[in-house]
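A.B. asks: Before anything else, here's the structure in question.
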Amino acid sequence: MKSDQENQLYSLLRKAGMKATPGHLTILSFIQKSKKPISSQDIINGIDRHLDPATVYRCVTKLKENGIIRQIDLRQNNAHYEFFDMAHHHHIICTGCGRIEDIEDCNLETVHQQILGQTKGFTQIKHHSLEFYGLCKKCNSKN
Ligand SMILES: [Zn+2]
Ligand SMILES: [Zn+2]
Ligand SMILES: [Zn+2]
């Protein structure tokens, strides 16, 4: 018997047109369990199964292309990702040390209206992504 969580991973992989290999399942469940956006390198370092880095990169790209994970811009050298099926939130990222916190409250509906008012050819905003960059208390006190 497969658990609900496994079933969910299987169906997401199917949706992405990917085979439910042990490697793919390991990668996807690792991303799902992660509380913060992670890079392909974080996956390679974090999983307890040996996977060819090329396999991890290919898998991550495919998951992104099919909307299973989304890419987050942390202004760091490598791309970071998180599970798409999370409650909508934003991030604040320290440009000094890379600390990340989630911003849960999003009050941008009024901004949507203002933005639509400024466009010529749009009638609807479906979603947005927005990250904030700054200094954490620790990094700020170093300056
Ligand atoms: Zn997040
Ligand atoms: Zn910091
Ligand atoms: Zn938002």
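Residue names in the structure tokens use chain letters A, B, ... in the order shown, residue numbers from 1 in each chain, and ligand numbers from 1 in the order shown.
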Which residues form the shell of 10 Å around ligand 1 when you count only C-alpha atoms and all ligand atoms, given as a compact mmCIF listing (two decimals) with C-alpha atoms, in the first residue's frame?
C.D. replies:
```
# COMPACT_ATOMS: atom_id res chain seq x y z
CA SER A 34 11.92 21.46 2.53
CA LYS A 35 10.73 24.50 4.44
CA LYS A 36 12.89 26.91 2.44
CA PRO A 37 13.64 27.31 -1.26
CA ILE A 38 16.49 24.97 -2.22
CA ARG A 70 8.57 27.12 -8.96
CA ILE A 72 12.52 31.65 -6.54
CA TYR A 81 13.02 26.17 -6.07
CA GLU A 82 10.07 25.39 -3.88
CA PHE A 83 7.04 23.18 -4.13
CA PHE A 84 4.34 25.00 -6.09
CA MET A 86 2.09 25.72 -0.97
CA ALA A 87 -0.02 28.45 0.55
CA HIS A 88 0.73 31.68 -1.31
CA HIS A 89 3.55 33.60 0.31
CA HIS A 90 6.51 35.85 -0.38
CA HIS A 91 10.08 35.82 0.87
CA ILE A 92 12.42 38.29 2.45
CA ILE A 100 15.23 33.68 4.32
CA GLU A 101 11.91 34.25 6.00
CA ASP A 102 8.46 33.68 4.60
CA ILE A 103 6.01 36.56 4.40
CA GLU A 104 2.63 34.94 4.84
CA GLU A 131 10.57 38.77 -3.15
```
A.B. asks: So which residues touch region 47-62 of chain A within 10 Å, counting only C-alpha atoms, skipping near sequence neighbours fewer than 2 positions away, as JSON, numbers by chain?
C.D. replies: {"A": [13, 16, 17, 18, 22, 23, 24, 26, 27, 28, 29, 30, 31, 39, 40, 41, 42, 43, 44, 45, 64, 65, 66, 67, 68, 69, 70, 71, 81]}
A.B. asks: Can you build me a table of chain A residues sitting at most 8 Å from ligand 2, with the closest atom pair per residue and its distance in Å to one decimal, using only C-alpha atoms and all ligand atoms, sorted by chain and residue number, as JSON lines?
C.D. replies:
```
{"residue": "A:Cys94", "atom": "CA", "partner": "ligand 2", "partner_atom_place_in_ligand_line": "1 (Zn)", "distance": 4.7}
{"residue": "A:Thr95", "atom": "CA", "partner": "ligand 2", "partner_atom_place_in_ligand_line": "1 (Zn)", "distance": 6.5}
{"residue": "A:Gly96", "atom": "CA", "partner": "ligand 2", "partner_atom_place_in_ligand_line": "1 (Zn)", "distance": 4.6}
{"residue": "A:Cys97", "atom": "CA", "partner": "ligand 2", "partner_atom_place_in_ligand_line": "1 (Zn)", "distance": 4.0}
{"residue": "A:Gly98", "atom": "CA", "partner": "ligand 2", "partner_atom_place_in_ligand_line": "1 (Zn)", "distance": 6.0}
{"residue": "A:Arg99", "atom": "CA", "partner": "ligand 2", "partner_atom_place_in_ligand_line": "1 (Zn)", "distance": 5.5}
{"residue": "A:Leu135", "atom": "CA", "partner": "ligand 2", "partner_atom_place_in_ligand_line": "1 (Zn)", "distance": 5.4}
{"residue": "A:Cys136", "atom": "CA", "partner": "ligand 2", "partner_atom_place_in_ligand_line": "1 (Zn)", "distance": 4.3}
{"residue": "A:Lys137", "atom": "CA", "partner": "ligand 2", "partner_atom_place_in_ligand_line": "1 (Zn)", "distance": 6.8}
{"residue": "A:Lys138", "atom": "CA", "partner": "ligand 2", "partner_atom_place_in_ligand_line": "1 (Zn)", "distance": 5.7}
{"residue": "A:Cys139", "atom": "CA", "partner": "ligand 2", "partner_atom_place_in_ligand_line": "1 (Zn)", "distance": 4.4}
{"residue": "A:Asn140", "atom": "CA", "partner": "ligand 2", "partner_atom_place_in_ligand_line": "1 (Zn)", "distance": 7.3}
```
A.B. asks: Within 8 Å of ligand 3, which residues show up when you count only C-alpha atoms and all ligand atoms? List them as a count of residues only, please.
C.D. replies: 11
A.B. asks: Apply DSSP to the backbone of this structure and, from chain A, keep only the residues in helix (DSSP H, G or I); write these as a PyMOL selection string.
C.D. replies: chain A and resi 4-15+22-33+40-46+53-65+109-118+137-142
A.B. asks: Would you work out the distance separating CA of Tyr133 (chain A) from CA of Thr110 (chain A), expressed in Å to one decimal?
C.D. replies: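 Calculated distance between CA of Tyr133 (chain A) and CA of Thr110 (chain A) is 22.2 Å.
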A.B. asks: Just list as a ChimeraX atom specification whatever in chain A DSSP marks as strand (DSSP E).
C.D. replies: /A:38-39,69-72,80-83,90-94,100-103,131-134
A.B. asks: I'd like the neighbourhood of Ile125 (chain A) as number ranges by chain, where a residue qualifies if any of its atoms comes within 10 Å (using only C-alpha atoms), though same-chain residues fewer than 2 positions away should be ignored.
C.D. replies: A: 109, 112-113, 115-116, 122-123, 127-128
A.B. asks: Go ahead and save the picked residues with C-alpha atoms, as a compact mmCIF listing (two decimals), in the first residue's frame.
C.D. replies:
```
# COMPACT_ATOMS: atom_id res chain seq x y z
CA GLU A 109 -5.26 42.64 -4.42
CA HIS A 112 -3.57 44.28 -8.85
CA GLN A 113 -6.30 46.82 -9.59
CA ILE A 115 -1.57 47.69 -12.08
CA LEU A 116 -4.43 46.70 -14.36
CA PHE A 122 -4.69 43.39 -19.84
CA THR A 123 -7.90 42.57 -18.08
CA HIS A 127 -0.84 35.40 -9.90
CA HIS A 128 2.34 37.20 -8.96
```
A.B. asks: At what distance in Å, to one decimal, does CA of Asn78 (chain A) lie from CA of Asn143 (chain A)?
C.D. replies: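 Atom-to-atom, CA of Asn143 (chain A) to CA of Asn78 (chain A), that is 26.3 Å.
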A.B. asks: So how far away is CA of Leu63 (chain A) from CA of Thr21 (chain A), in Å?
C.D. replies: 13.8 Å
A.B. asks: Closest to Gln32 (chain A) among A:Leu9, A:Leu74, A:Gly134, A:Ala20, using only C-alpha atoms?
C.D. replies: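 Among the listed residues, A:Leu9 lies closest to Gln32 (chain A).
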